[in-house]
Every structure is written in C-alpha cells, then in structure tokens.
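Peer 1: Just one file: query_29.txt, with compact mmCIF, C-alpha atoms.
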# COMPACT_ATOMS: atom_id res chain seq x y z
CA MET Q 6 -41.21 22.22 54.30
CA LEU Q 7 -43.69 24.60 55.87
CA ILE Q 8 -43.09 28.15 57.05
CA ARG Q 9 -45.42 29.21 59.84
CA ARG Q 10 -45.67 31.61 62.78
CA PHE Q 11 -43.41 30.77 65.75
CA VAL Q 12 -45.19 29.47 68.84
CA GLU Q 13 -43.53 29.01 72.23
CA ALA Q 14 -43.44 25.24 71.80
CA ASP Q 15 -40.97 25.82 68.92
CA TRP Q 16 -38.33 27.40 71.15
CA HIS Q 17 -36.68 24.04 71.98
CA GLY Q 18 -36.05 23.71 68.24
CA VAL Q 19 -35.11 27.34 67.61
CA TRP Q 20 -32.69 27.95 70.49
CA PRO Q 21 -30.09 25.34 69.34
CA ILE Q 22 -30.03 27.01 65.92
CA VAL Q 23 -29.62 30.50 67.37
CA ARG Q 24 -26.98 29.26 69.83
CA GLU Q 25 -24.91 27.56 67.14
CA VAL Q 26 -25.06 30.56 64.81
CA VAL Q 27 -24.24 33.07 67.55
CA GLN Q 28 -21.45 31.00 69.12
CA SER Q 29 -19.74 30.49 65.76
CA GLU Q 30 -19.31 34.30 65.57
CA GLU Q 31 -19.10 34.02 61.79
CA THR Q 32 -22.32 35.62 60.59
CA PHE Q 33 -24.17 37.56 63.33
CA PRO Q 34 -22.96 40.50 65.43
CA TYR Q 35 -24.69 39.09 68.53
CA ASP Q 36 -23.17 38.41 71.92
CA PRO Q 37 -21.77 34.84 71.68
CA GLN Q 38 -22.39 34.40 75.42
CA MET Q 39 -26.06 35.26 75.20
CA THR Q 40 -28.36 33.14 77.32
CA ALA Q 41 -31.50 31.38 76.08
CA ARG Q 42 -33.55 34.11 77.75
CA GLN Q 43 -31.60 36.89 76.03
CA ALA Q 44 -31.80 35.07 72.70
CA HIS Q 45 -35.54 34.73 73.11
CA ASP Q 46 -35.84 38.47 73.78
CA VAL Q 47 -33.83 39.26 70.66
CA TRP Q 48 -35.31 36.68 68.29
CA VAL Q 49 -39.00 36.40 69.18
CA GLU Q 50 -40.71 39.50 67.80
CA SER Q 51 -43.88 41.13 69.11
CA PRO Q 52 -46.39 42.73 66.72
CA PRO Q 53 -46.03 44.54 64.41
CA GLY Q 54 -43.05 42.22 63.92
CA LEU Q 55 -43.22 38.48 63.31
CA THR Q 56 -41.06 35.43 63.98
CA VAL Q 57 -41.52 32.29 61.90
CA VAL Q 58 -40.11 28.79 61.69
CA ALA Q 59 -39.41 26.59 58.68
CA VAL Q 60 -40.39 23.05 59.69
CA ASP Q 61 -40.12 19.63 58.09
CA ASP Q 62 -42.47 17.29 59.91
CA ASP Q 63 -41.83 18.44 63.45
CA ARG Q 64 -38.22 19.48 63.05
CA VAL Q 65 -37.26 23.17 62.94
CA LEU Q 66 -34.85 23.65 60.00
CA GLY Q 67 -34.64 27.41 60.15
CA THR Q 68 -36.16 30.56 61.55
CA ALA Q 69 -36.66 34.19 60.58
CA LYS Q 70 -37.76 37.38 62.23
CA MET Q 71 -39.06 40.49 60.54
CA GLY Q 72 -40.52 43.88 61.44
CA PRO Q 73 -39.85 47.63 61.36
CA ASN Q 74 -36.15 48.41 61.05
CA ARG Q 75 -36.47 51.52 63.22
CA PRO Q 76 -39.25 53.10 65.26
CA GLY Q 77 -41.21 56.23 64.40
CA PRO Q 78 -40.09 57.99 61.21
CA GLY Q 79 -38.07 54.91 60.18
CA SER Q 80 -40.83 52.35 60.64
CA HIS Q 81 -41.91 52.17 56.98
CA VAL Q 82 -38.73 50.20 56.20
CA CYS Q 83 -38.71 46.53 57.16
CA THR Q 84 -35.78 44.48 58.33
CA ALA Q 85 -35.40 40.72 58.69
CA SER Q 86 -32.92 38.12 59.92
CA PHE Q 87 -32.56 34.46 59.00
CA MET Q 88 -30.90 31.46 60.62
CA VAL Q 89 -30.72 27.90 59.29
CA ALA Q 90 -29.63 24.78 61.20
CA ALA Q 91 -26.05 23.80 60.30
CA ASP Q 92 -27.08 20.39 58.92
CA ALA Q 93 -29.96 21.85 56.89
CA ARG Q 94 -27.96 24.38 54.85
CA GLY Q 95 -27.81 24.22 51.06
CA ARG Q 96 -31.36 22.93 50.81
CA GLY Q 97 -33.14 26.20 50.09
CA VAL Q 98 -34.35 26.88 53.61
CA GLY Q 99 -32.76 30.35 53.68
CA THR Q 100 -34.18 31.14 50.25
CA ALA Q 101 -37.66 30.12 51.35
CA LEU Q 102 -37.42 32.21 54.52
CA CYS Q 103 -36.15 35.23 52.58
CA ARG Q 104 -39.00 34.97 50.09
CA PHE Q 105 -41.49 34.62 52.93
CA ALA Q 106 -40.15 37.80 54.59
CA LEU Q 107 -40.20 39.77 51.32
CA ASP Q 108 -43.76 38.72 50.65
CA TRP Q 109 -44.80 39.49 54.23
CA ALA Q 110 -43.20 42.95 54.12
CA GLN Q 111 -44.85 43.87 50.83
CA ARG Q 112 -48.26 42.65 51.98
CA HIS Q 113 -47.92 44.77 55.12
CA GLY Q 114 -47.18 47.95 53.16
CA TYR Q 115 -43.50 48.48 53.86
CA ALA Q 116 -41.53 50.64 51.41
CA GLY Q 117 -38.52 48.34 51.32
CA MET Q 118 -36.32 45.98 53.29
CA GLN Q 119 -32.97 46.82 54.85
CA PHE Q 120 -30.29 44.55 56.26
CA ASN Q 121 -28.08 46.51 58.64
CA ALA Q 122 -25.10 44.23 59.12
CA VAL Q 123 -24.44 41.52 56.54
CA VAL Q 124 -20.99 40.04 57.12
CA GLU Q 125 -19.18 40.45 53.79
CA SER Q 126 -17.51 37.04 54.08
CA ASN Q 127 -20.93 35.38 54.40
CA HIS Q 128 -21.10 34.86 50.65
CA SER Q 129 -24.11 32.58 50.68
CA ALA Q 130 -26.18 35.26 52.40
CA VAL Q 131 -24.84 38.13 50.27
CA ASP Q 132 -25.49 36.18 47.07
CA LEU Q 133 -28.95 35.12 48.22
CA TYR Q 134 -29.91 38.71 48.95
CA LYS Q 135 -28.51 39.96 45.64
CA ARG Q 136 -30.53 37.31 43.79
CA HIS Q 137 -33.60 38.70 45.55
CA GLY Q 138 -33.06 42.28 44.44
CA PHE Q 139 -30.95 43.69 47.26
CA ARG Q 140 -27.96 45.89 46.58
CA VAL Q 141 -25.08 46.85 48.82
CA ILE Q 142 -25.70 50.44 49.97
CA GLY Q 143 -22.28 50.59 51.58
CA THR Q 144 -19.80 48.57 53.59
CA VAL Q 145 -18.43 49.57 56.97
CA PRO Q 146 -14.80 48.45 56.76
CA GLY Q 147 -13.56 45.98 59.34
CA ALA Q 148 -16.69 46.28 61.49
CA PHE Q 149 -16.96 42.53 62.19
CA ALA Q 150 -14.29 40.53 64.04
CA HIS Q 151 -14.38 37.12 62.34
CA PRO Q 152 -12.72 34.33 64.34
CA THR Q 153 -10.54 33.12 61.46
CA LEU Q 154 -10.63 35.87 58.80
CA GLY Q 155 -9.99 38.77 61.16
CA ARG Q 156 -11.82 42.04 60.67
CA VAL Q 157 -14.17 41.98 57.70
CA GLY Q 158 -16.71 44.51 56.51
CA LEU Q 159 -20.40 44.75 57.31
CA HIS Q 160 -22.67 45.48 54.36
CA VAL Q 161 -25.79 47.58 54.59
CA MET Q 162 -28.12 46.08 51.98
CA TYR Q 163 -31.45 47.42 50.73
CA ARG Q 164 -34.24 46.54 48.38
CA ALA Q 165 -37.05 48.99 47.63
CA PHE Q 166 -40.50 47.68 46.84
CA CYS Q 167 -42.23 49.04 43.77
CA ASP Q 168 -43.06 52.70 44.39
CA ASN Q 169 -44.86 51.92 47.60
CA LYS Q 170 -45.67 55.41 48.88
CA SER Q 171 -48.26 54.36 51.42
CA MET Q 172 -47.42 53.75 55.04
CA PRO Q 173 -47.56 50.30 56.64
CA GLU Q 174 -50.50 49.42 58.86
CA HIS Q 175 -48.58 50.07 62.07
CA PHE Q 176 -47.40 53.52 60.96
CA HIS Q 177 -49.53 56.29 62.44
CA ARG Q 178 -48.66 59.90 61.82
CA PRO Q 179 -50.29 61.86 64.69
CA MET U 25 -19.59 74.67 79.47
CA LEU U 26 -18.64 71.39 81.11
CA ILE U 27 -19.17 67.87 79.76
CA ARG U 28 -19.52 65.28 82.48
CA ARG U 29 -21.00 61.85 83.18
CA PHE U 30 -24.81 61.78 83.44
CA VAL U 31 -26.23 61.25 86.94
CA GLU U 32 -29.88 60.53 87.67
CA ALA U 33 -30.42 64.05 89.01
CA ASP U 34 -29.76 65.29 85.44
CA TRP U 35 -32.78 63.48 83.97
CA HIS U 36 -35.14 66.41 84.63
CA GLY U 37 -32.89 68.46 82.34
CA VAL U 38 -32.25 65.72 79.77
CA TRP U 39 -35.79 64.45 79.23
CA PRO U 40 -37.18 67.77 77.86
CA ILE U 41 -34.35 67.79 75.29
CA VAL U 42 -34.96 64.18 74.25
CA ARG U 43 -38.73 64.76 74.13
CA GLU U 44 -38.44 67.84 71.92
CA VAL U 45 -36.00 66.16 69.53
CA VAL U 46 -38.02 62.97 69.28
CA GLN U 47 -41.40 64.66 68.95
CA SER U 48 -40.15 66.93 66.14
CA GLU U 49 -39.49 63.75 64.09
CA GLU U 50 -36.89 65.65 62.07
CA THR U 51 -33.61 64.09 63.14
CA PHE U 52 -34.04 60.83 65.10
CA PRO U 53 -35.75 57.59 64.06
CA TYR U 54 -37.19 57.15 67.55
CA ASP U 55 -40.82 56.60 68.52
CA PRO U 56 -42.27 60.12 68.89
CA GLN U 57 -44.73 58.80 71.48
CA MET U 58 -42.02 57.37 73.70
CA THR U 59 -42.54 57.85 77.42
CA ALA U 60 -39.98 59.28 79.83
CA ARG U 61 -39.31 55.74 81.04
CA GLN U 62 -38.74 54.43 77.51
CA ALA U 63 -36.54 57.42 76.68
CA HIS U 64 -34.50 56.79 79.82
CA ASP U 65 -34.01 53.14 78.78
CA VAL U 66 -32.84 54.21 75.32
CA TRP U 67 -30.69 57.18 76.28
CA VAL U 68 -29.02 56.27 79.59
CA GLU U 69 -26.26 53.78 78.80
CA SER U 70 -24.85 51.14 81.12
CA PRO U 71 -21.16 50.21 81.04
CA PRO U 72 -19.31 49.69 78.78
CA GLY U 73 -21.36 52.57 77.32
CA LEU U 74 -21.56 56.09 78.73
CA THR U 75 -24.08 58.93 78.78
CA VAL U 76 -22.89 62.49 79.38
CA VAL U 77 -24.38 65.95 79.72
CA ALA U 78 -23.08 69.33 78.58
CA VAL U 79 -23.92 71.79 81.34
CA ASP U 80 -23.61 75.53 81.76
CA ASP U 81 -23.94 76.34 85.46
CA ASP U 82 -26.72 73.94 86.36
CA ARG U 83 -28.53 73.94 83.03
CA VAL U 84 -28.30 70.93 80.69
CA LEU U 85 -27.59 72.29 77.18
CA GLY U 86 -27.07 68.95 75.48
CA THR U 87 -26.45 65.28 75.99
CA ALA U 88 -24.67 62.40 74.30
CA LYS U 89 -24.51 58.66 74.60
CA MET U 90 -21.78 56.36 73.35
CA GLY U 91 -20.81 52.70 73.45
CA PRO U 92 -20.40 49.57 71.31
CA ASN U 93 -22.39 49.78 68.08
CA ARG U 94 -23.13 46.05 68.12
CA PRO U 95 -22.51 43.21 70.57
CA GLY U 96 -19.97 40.40 70.20
CA PRO U 97 -17.98 40.47 66.96
CA GLY U 98 -19.18 44.05 66.28
CA SER U 99 -18.26 45.52 69.63
CA HIS U 100 -14.92 47.02 68.59
CA VAL U 101 -16.80 49.75 66.68
CA CYS U 102 -18.25 52.57 68.75
CA THR U 103 -21.45 54.50 68.06
CA ALA U 104 -22.73 57.71 69.58
CA SER U 105 -25.79 59.98 69.53
CA PHE U 106 -26.09 63.66 70.34
CA MET U 107 -28.96 65.96 71.26
CA VAL U 108 -28.84 69.69 71.94
CA ALA U 109 -31.59 71.85 73.47
CA ALA U 110 -33.42 73.84 70.79
CA ASP U 111 -32.45 77.21 72.28
CA ALA U 112 -28.80 76.22 72.71
CA ARG U 113 -28.06 75.28 69.10
CA GLY U 114 -25.42 77.06 67.05
CA ARG U 115 -23.21 77.58 70.10
CA GLY U 116 -20.86 74.65 69.63
CA VAL U 117 -22.54 72.29 72.07
CA GLY U 118 -22.89 69.53 69.45
CA THR U 119 -19.30 70.00 68.36
CA ALA U 120 -18.06 69.73 71.93
CA LEU U 121 -20.12 66.58 72.54
CA CYS U 122 -18.90 65.00 69.29
CA ARG U 123 -15.27 65.72 70.19
CA PHE U 124 -15.82 64.29 73.65
CA ALA U 125 -17.26 61.06 72.18
CA LEU U 126 -14.42 60.70 69.66
CA ASP U 127 -11.85 61.19 72.38
CA TRP U 128 -13.65 58.75 74.70
CA ALA U 129 -13.89 56.08 71.97
CA GLN U 130 -10.21 56.35 71.09
CA ARG U 131 -9.12 56.25 74.72
CA HIS U 132 -11.20 53.08 75.19
CA GLY U 133 -9.57 51.28 72.27
CA TYR U 134 -12.37 51.28 69.70
CA ALA U 135 -11.37 50.85 66.04
CA GLY U 136 -13.73 53.52 64.76
CA MET U 137 -17.08 55.22 65.19
CA GLN U 138 -20.21 54.49 63.18
CA PHE U 139 -23.45 56.43 62.92
CA ASN U 140 -26.20 54.15 61.69
CA ALA U 141 -28.94 56.56 60.72
CA VAL U 142 -28.04 60.20 60.06
CA VAL U 143 -31.00 61.97 58.44
CA GLU U 144 -29.62 63.39 55.21
CA SER U 145 -31.62 66.62 55.57
CA ASN U 146 -29.99 67.25 58.97
CA HIS U 147 -27.23 69.28 57.35
CA SER U 148 -25.78 70.65 60.57
CA ALA U 149 -25.17 67.11 61.83
CA VAL U 150 -23.88 65.78 58.52
CA ASP U 151 -21.50 68.74 58.15
CA LEU U 152 -20.35 68.46 61.76
CA TYR U 153 -19.51 64.79 61.30
CA LYS U 154 -17.71 65.40 58.00
CA ARG U 155 -15.61 68.10 59.68
CA HIS U 156 -14.63 65.48 62.25
CA GLY U 157 -13.42 62.92 59.74
CA PHE U 158 -16.56 60.91 59.06
CA ARG U 159 -17.53 59.88 55.55
CA VAL U 160 -20.84 58.68 54.19
CA ILE U 161 -20.53 54.89 53.72
CA GLY U 162 -23.90 54.78 51.99
CA THR U 163 -27.40 56.22 52.07
CA VAL U 164 -30.57 54.18 52.40
CA PRO U 165 -32.98 56.00 50.09
CA GLY U 166 -36.19 57.33 51.60
CA ALA U 167 -35.69 55.50 54.89
CA PHE U 168 -36.80 58.45 57.06
CA ALA U 169 -40.29 59.96 56.92
CA HIS U 170 -39.69 63.67 57.56
CA PRO U 171 -42.82 65.62 58.58
CA THR U 172 -42.36 68.37 55.97
CA LEU U 173 -39.77 67.06 53.48
CA GLY U 174 -41.32 63.62 52.99
CA ARG U 175 -39.11 60.59 52.69
CA VAL U 176 -35.43 61.43 52.89
CA GLY U 177 -32.38 59.18 53.06
CA LEU U 178 -30.53 57.86 56.08
CA HIS U 179 -26.75 58.02 55.91
CA VAL U 180 -24.49 55.41 57.43
CA MET U 181 -21.37 57.37 58.42
CA TYR U 182 -18.03 56.05 59.65
CA ARG U 183 -14.68 57.23 60.84
CA ALA U 184 -11.81 54.83 61.48
CA PHE U 185 -9.29 55.61 64.17
CA CYS U 186 -5.62 55.39 63.24
CA ASP U 187 -4.79 51.73 62.61
CA ASN U 188 -6.13 50.62 65.95
CA LYS U 189 -5.85 46.84 65.71
CA SER U 190 -6.27 46.16 69.39
CA MET U 191 -9.61 45.32 70.95
CA PRO U 192 -11.41 47.64 73.35
CA GLU U 193 -11.30 46.88 77.07
CA HIS U 194 -14.77 45.31 77.09
CA PHE U 195 -14.01 42.99 74.16
CA HIS U 196 -13.15 39.50 75.34
CA ARG U 197 -12.52 36.72 72.85
CA PRO U 198 -13.13 33.45 74.75
Kindly return the structure encoded in the file as structure tokens.
Peer 2:
Amino acid sequence: MLIRRFVEADWHGVWPIVREVVQSEETFPYDPQMTARQAHDVWVESPPGLTVVAVDDDRVLGTAKMGPNRPGPGSHVCTASFMVAADARGRGVGTALCRFALDWAQRHGYAGMQFNAVVESNHSAVDLYKRHGFRVIGTVPGAFAHPTLGRVGLHVMYRAFCDNKSMPEHFHRP
Amino acid sequence: MLIRRFVEADWHGVWPIVREVVQSEETFPYDPQMTARQAHDVWVESPPGLTVVAVDDDRVLGTAKMGPNRPGPGSHVCTASFMVAADARGRGVGTALCRFALDWAQRHGYAGMQFNAVVESNHSAVDLYKRHGFRVIGTVPGAFAHPTLGRVGLHVMYRAFCDNKSMPEHFHRP
C-alpha cells in the first residue's frame, strides 16, 4: 500500500468512498445528499492543505485530507480527516493515513492537530486517535444524529506536537 | 436599538466592523487579510441561516450570523457569531445580539447552540456566554495566536435548549 498525493485521475476511486461514508451518516457530519462536485470541493484541498490517497496497485483503499484547522490566528493548528473504503477496513489503512497526516503536519511546522467532530460512537476512530496521542478535549452532547443510535456526542480531540513554538510555513504575521 | 435581518444596503456599515475585528486578530480566527468579498461570503448567511444587524437610527452598531453548526447529522445544533463596532462596545449590543440568536435558534427547533472557537482571553465574550447558559465543553490549548498575549486557548462552548428532541425545520431525514 502506497500513500501519495491525490491527482484528479483518482477522483473516480475517491468519490465512491466519500459517498458511502457520507450517505451512511454514521461517522461524518456532512450533507448526505452532497453531489460529487460538492464532495470534491470539500475533500480536495488546495495548498497549504493536502489530499492524499492510499492505493494498492491501482485501487484507492482510503483517502485523507489535511491542512490548517482555521485561518489567520488559528492556522498553526492542523486538522485532518480520513475515509476508508467499506471493504478495506480493519487492514490498517486508517492507521497508515493517520500516521502520514501526523508526520506531514509535524514536518510542516504545525503546533498540533485537532479533530473538531469525532462521533463518539465511532470507536475505531476514537481508539485509533487515542493510540496516536490524541486526547478528548471535550464532548458536545448529542451533537450528532446517528441513524440507529440517535443523538450521540461529538468529541473535540487534540494532540500537541513537542513544544513546537515556531509557525508553519504558510503562517505569516504581517 | 433595533435588530433586524441584514439587507445588502447594510454591507457598507457591516464591512468596517468585520474588517476591524478581523484585522485586530484578537477575537476571531479569520484571515486578517480577507477581502470585502471574502468577508461577505463568510458573514452573510443563506437560508436556513440568518445574518442580522443591530442598528441605531441608520448606523450599524453590531452584527450577528446564525445557522446550523454542521451539515447533515450535525444540523440540529445551531452556531452563531457576533461582532460589535469598537466604539459601540459596553452598551449591551453584544448581549442583545446573543439573546436574539438564542431566541431565533429555539424558535427554529434547534437542540442547542455551540460556539466552536471562543478565544479564552476574550473575557467579555466568555462571560457574556456564561451568563446566557453556555458552559465550556473544553479548551484547545494554544490554538489561537494572539498578537500580544501569544498562544491562548480556544474554548468550545455549548448550551442545550430544554429537552428539544424534535428536529429543526431544515432537517430532513430521507
């Protein structure tokens, strides 16, 4: 399995993954009726952000996007999102994508990584992030309407990188 | 002072407020170099969201925007943002806008209101929200680069409305 930068030719492999994840309404607070065009706008990052794919031969197994969590005075904190094809789960694709994003963020000078809305019933994601040094900053009660579980909480999760007091490359104080 | 729906003719009074707030880099994680066009895109909400102005005679003293915090399975939680003209602070404009947004969100069936990034050094905002029933869900350490205080935390704040188990008008489960 190789993780590399997304190119437009990958979209035919990425869109079915995004569509399945979003339409399940179990793990992402995205519009389940989003079109391919809207999904592309949301998922394919422009610099300083990055979108990648995890591929095995030519098949896209998963995808991640990463970049500043907020503009301006919040842009030294990175965020990232991960999606894995339904039939490729449990094979370490999410772990590999998470490690890639953490490495990318540290190399680019971010101070830490924040996840804004981790569905608390998505145990595989929560456990993965905890294994990679994230902690739950807080949980907004009932903020996610799960199709079978009802309203569940959304975790804010954060991991600081080691005393990184510099600013990332894209951060310019006037 | 009157709070009413924003109309395009208000933008010449709203933009100087947004510009001053954003360029100060003290309270909003927005791009301080944002153009009027970008600010308009960010601040002027489309339905189901709403943007309002607080006016005294013809002068815009403050402005607020409100709407779903997240799409799809997160759209039953409202969010809102408030900005007050520098020379109109301390006169209750922010309080009036906050009360308007809370009333609007409850009337439209939201389950609660979430603020995603309240700068912890912005004591007037934090105290205002606490007085109106919000609590700090958690604080992302050092997530905001303040121009004089250095890196300060960003609070996630939340207030639930009374056992509102219905879905807002714009929320449609297929």
Peer 1: Using all atoms listed in the file, determine which residues of chain Q fall within 9 Å of chain U; present them as number ranges by chain.
Peer 2: Q: 27, 30-31, 33-38, 75-82, 116-117, 119, 121, 141-152, 156, 161-163, 165, 178
Peer 1: Given identical sequences, can you show me chain Q least-squares superposed on chain U via all its Cα atoms in order, as a compact mmCIF listing (two decimals) with C-alpha atoms, in the coordinates of the input?
Peer 2:
# COMPACT_ATOMS: atom_id res chain seq x y z
CA MET Q 6 -19.59 74.67 79.48
CA LEU Q 7 -18.65 71.39 81.12
CA ILE Q 8 -19.17 67.88 79.77
CA ARG Q 9 -19.51 65.28 82.50
CA ARG Q 10 -21.01 61.85 83.19
CA PHE Q 11 -24.83 61.79 83.44
CA VAL Q 12 -26.23 61.24 86.93
CA GLU Q 13 -29.89 60.54 87.68
CA ALA Q 14 -30.41 64.06 89.00
CA ASP Q 15 -29.76 65.29 85.43
CA TRP Q 16 -32.78 63.49 83.97
CA HIS Q 17 -35.15 66.43 84.63
CA GLY Q 18 -32.87 68.45 82.35
CA VAL Q 19 -32.26 65.72 79.77
CA TRP Q 20 -35.81 64.45 79.24
CA PRO Q 21 -37.18 67.78 77.84
CA ILE Q 22 -34.35 67.79 75.29
CA VAL Q 23 -34.96 64.18 74.25
CA ARG Q 24 -38.73 64.76 74.13
CA GLU Q 25 -38.43 67.84 71.92
CA VAL Q 26 -36.00 66.17 69.53
CA VAL Q 27 -38.03 62.95 69.29
CA GLN Q 28 -41.41 64.68 68.94
CA SER Q 29 -40.14 66.92 66.14
CA GLU Q 30 -39.49 63.74 64.09
CA GLU Q 31 -36.90 65.65 62.08
CA THR Q 32 -33.61 64.09 63.13
CA PHE Q 33 -34.03 60.83 65.10
CA PRO Q 34 -35.75 57.59 64.05
CA TYR Q 35 -37.21 57.15 67.55
CA ASP Q 36 -40.83 56.61 68.50
CA PRO Q 37 -42.29 60.14 68.87
CA GLN Q 38 -44.74 58.80 71.48
CA MET Q 39 -42.03 57.38 73.70
CA THR Q 40 -42.55 57.86 77.41
CA ALA Q 41 -39.98 59.29 79.82
CA ARG Q 42 -39.32 55.75 81.04
CA GLN Q 43 -38.74 54.44 77.51
CA ALA Q 44 -36.53 57.43 76.70
CA HIS Q 45 -34.50 56.78 79.81
CA ASP Q 46 -34.02 53.14 78.78
CA VAL Q 47 -32.86 54.20 75.33
CA TRP Q 48 -30.69 57.17 76.28
CA VAL Q 49 -29.03 56.28 79.58
CA GLU Q 50 -26.27 53.79 78.79
CA SER Q 51 -24.85 51.14 81.12
CA PRO Q 52 -21.15 50.23 81.03
CA PRO Q 53 -19.30 49.71 78.78
CA GLY Q 54 -21.34 52.57 77.32
CA LEU Q 55 -21.56 56.09 78.73
CA THR Q 56 -24.07 58.93 78.79
CA VAL Q 57 -22.90 62.49 79.39
CA VAL Q 58 -24.38 65.95 79.73
CA ALA Q 59 -23.07 69.32 78.58
CA VAL Q 60 -23.91 71.80 81.35
CA ASP Q 61 -23.61 75.55 81.78
CA ASP Q 62 -23.93 76.34 85.46
CA ASP Q 63 -26.71 73.95 86.35
CA ARG Q 64 -28.52 73.95 83.04
CA VAL Q 65 -28.30 70.95 80.70
CA LEU Q 66 -27.58 72.28 77.17
CA GLY Q 67 -27.05 68.95 75.49
CA THR Q 68 -26.45 65.27 75.99
CA ALA Q 69 -24.66 62.39 74.30
CA LYS Q 70 -24.51 58.65 74.61
CA MET Q 71 -21.78 56.37 73.35
CA GLY Q 72 -20.80 52.70 73.45
CA PRO Q 73 -20.40 49.57 71.31
CA ASN Q 74 -22.39 49.78 68.09
CA ARG Q 75 -23.14 46.05 68.13
CA PRO Q 76 -22.52 43.21 70.57
CA GLY Q 77 -19.98 40.42 70.22
CA PRO Q 78 -17.99 40.47 66.97
CA GLY Q 79 -19.17 44.04 66.26
CA SER Q 80 -18.26 45.52 69.63
CA HIS Q 81 -14.91 47.03 68.59
CA VAL Q 82 -16.79 49.75 66.68
CA CYS Q 83 -18.27 52.57 68.74
CA THR Q 84 -21.44 54.48 68.07
CA ALA Q 85 -22.73 57.71 69.59
CA SER Q 86 -25.77 59.99 69.52
CA PHE Q 87 -26.08 63.67 70.34
CA MET Q 88 -28.97 65.96 71.25
CA VAL Q 89 -28.84 69.70 71.94
CA ALA Q 90 -31.60 71.85 73.48
CA ALA Q 91 -33.44 73.84 70.79
CA ASP Q 92 -32.47 77.22 72.28
CA ALA Q 93 -28.82 76.21 72.71
CA ARG Q 94 -28.08 75.27 69.09
CA GLY Q 95 -25.42 77.06 67.06
CA ARG Q 96 -23.21 77.57 70.10
CA GLY Q 97 -20.86 74.64 69.63
CA VAL Q 98 -22.53 72.28 72.08
CA GLY Q 99 -22.89 69.53 69.46
CA THR Q 100 -19.28 70.01 68.37
CA ALA Q 101 -18.06 69.71 71.94
CA LEU Q 102 -20.12 66.57 72.53
CA CYS Q 103 -18.88 65.00 69.29
CA ARG Q 104 -15.27 65.71 70.20
CA PHE Q 105 -15.83 64.29 73.67
CA ALA Q 106 -17.26 61.06 72.19
CA LEU Q 107 -14.41 60.71 69.67
CA ASP Q 108 -11.84 61.19 72.39
CA TRP Q 109 -13.64 58.76 74.70
CA ALA Q 110 -13.88 56.10 71.99
CA GLN Q 111 -10.20 56.35 71.08
CA ARG Q 112 -9.11 56.23 74.72
CA HIS Q 113 -11.20 53.09 75.21
CA GLY Q 114 -9.57 51.29 72.27
CA TYR Q 115 -12.35 51.28 69.70
CA ALA Q 116 -11.37 50.84 66.04
CA GLY Q 117 -13.71 53.52 64.76
CA MET Q 118 -17.07 55.21 65.19
CA GLN Q 119 -20.20 54.49 63.18
CA PHE Q 120 -23.44 56.44 62.91
CA ASN Q 121 -26.21 54.15 61.69
CA ALA Q 122 -28.95 56.57 60.73
CA VAL Q 123 -28.04 60.19 60.05
CA VAL Q 124 -31.00 61.96 58.44
CA GLU Q 125 -29.62 63.40 55.19
CA SER Q 126 -31.62 66.62 55.57
CA ASN Q 127 -30.00 67.24 58.97
CA HIS Q 128 -27.23 69.26 57.35
CA SER Q 129 -25.79 70.64 60.56
CA ALA Q 130 -25.17 67.11 61.84
CA VAL Q 131 -23.87 65.78 58.51
CA ASP Q 132 -21.50 68.73 58.15
CA LEU Q 133 -20.33 68.45 61.75
CA TYR Q 134 -19.51 64.79 61.30
CA LYS Q 135 -17.72 65.39 58.00
CA ARG Q 136 -15.60 68.10 59.66
CA HIS Q 137 -14.63 65.49 62.24
CA GLY Q 138 -13.42 62.92 59.73
CA PHE Q 139 -16.56 60.91 59.05
CA ARG Q 140 -17.53 59.89 55.55
CA VAL Q 141 -20.84 58.68 54.19
CA ILE Q 142 -20.54 54.90 53.72
CA GLY Q 143 -23.90 54.78 51.98
CA THR Q 144 -27.40 56.21 52.07
CA VAL Q 145 -30.56 54.17 52.40
CA PRO Q 146 -32.98 55.99 50.10
CA GLY Q 147 -36.19 57.32 51.59
CA ALA Q 148 -35.69 55.49 54.90
CA PHE Q 149 -36.81 58.43 57.07
CA ALA Q 150 -40.31 59.95 56.93
CA HIS Q 151 -39.70 63.66 57.56
CA PRO Q 152 -42.82 65.60 58.58
CA THR Q 153 -42.36 68.35 55.98
CA LEU Q 154 -39.77 67.05 53.48
CA GLY Q 155 -41.32 63.62 53.00
CA ARG Q 156 -39.10 60.57 52.69
CA VAL Q 157 -35.41 61.41 52.90
CA GLY Q 158 -32.38 59.17 53.06
CA LEU Q 159 -30.54 57.86 56.09
CA HIS Q 160 -26.75 58.01 55.91
CA VAL Q 161 -24.48 55.42 57.43
CA MET Q 162 -21.37 57.37 58.42
CA TYR Q 163 -18.02 56.04 59.64
CA ARG Q 164 -14.68 57.25 60.84
CA ALA Q 165 -11.81 54.83 61.47
CA PHE Q 166 -9.28 55.61 64.16
CA CYS Q 167 -5.62 55.37 63.24
CA ASP Q 168 -4.78 51.71 62.61
CA ASN Q 169 -6.15 50.65 65.95
CA LYS Q 170 -5.85 46.87 65.73
CA SER Q 171 -6.27 46.17 69.41
CA MET Q 172 -9.60 45.33 70.95
CA PRO Q 173 -11.40 47.65 73.37
CA GLU Q 174 -11.33 46.87 77.08
CA HIS Q 175 -14.79 45.32 77.07
CA PHE Q 176 -14.02 43.00 74.14
CA HIS Q 177 -13.16 39.49 75.30
CA ARG Q 178 -12.52 36.76 72.79
CA PRO Q 179 -13.18 33.47 74.65
Peer 1: Neighbours of Leu152 (chain U) within 12 Å (only C-alpha atoms; same-chain residues fewer than 2 positions away dropped), as a list in words?
Peer 2: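 The contact residues come out as Phe106, Gly114, Gly116, Val117, Gly118, Thr119, Ala120, Leu121, Cys122, Arg123, Val142, Asn146, His147, Ser148, Ala149, Val150, Lys154, Arg155, His156, Gly157, Phe158, Arg159 and Met181 of chain U.
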Peer 1: When you draw a straight line from CA of Gly133 (chain U) to CA of Val77 (chain U), how long is it in Å?
Peer 2: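 Computing the Euclidean distance for CA of Gly133 (chain U) and CA of Val77 (chain U) yields 22.1 Å.
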Peer 1: Can you measure CA of Cys167 (chain Q) to CA of Trp109 (chain Q) for me? One decimal in Å is fine.
Peer 2: 14.4 Å
Peer 1: Work out how far apart CA of Trp67 (chain U) and CA of Lys89 (chain U) are and give it in Å to one decimal.
Peer 2: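 Separation between CA of Trp67 (chain U) and CA of Lys89 (chain U): 6.6 Å.
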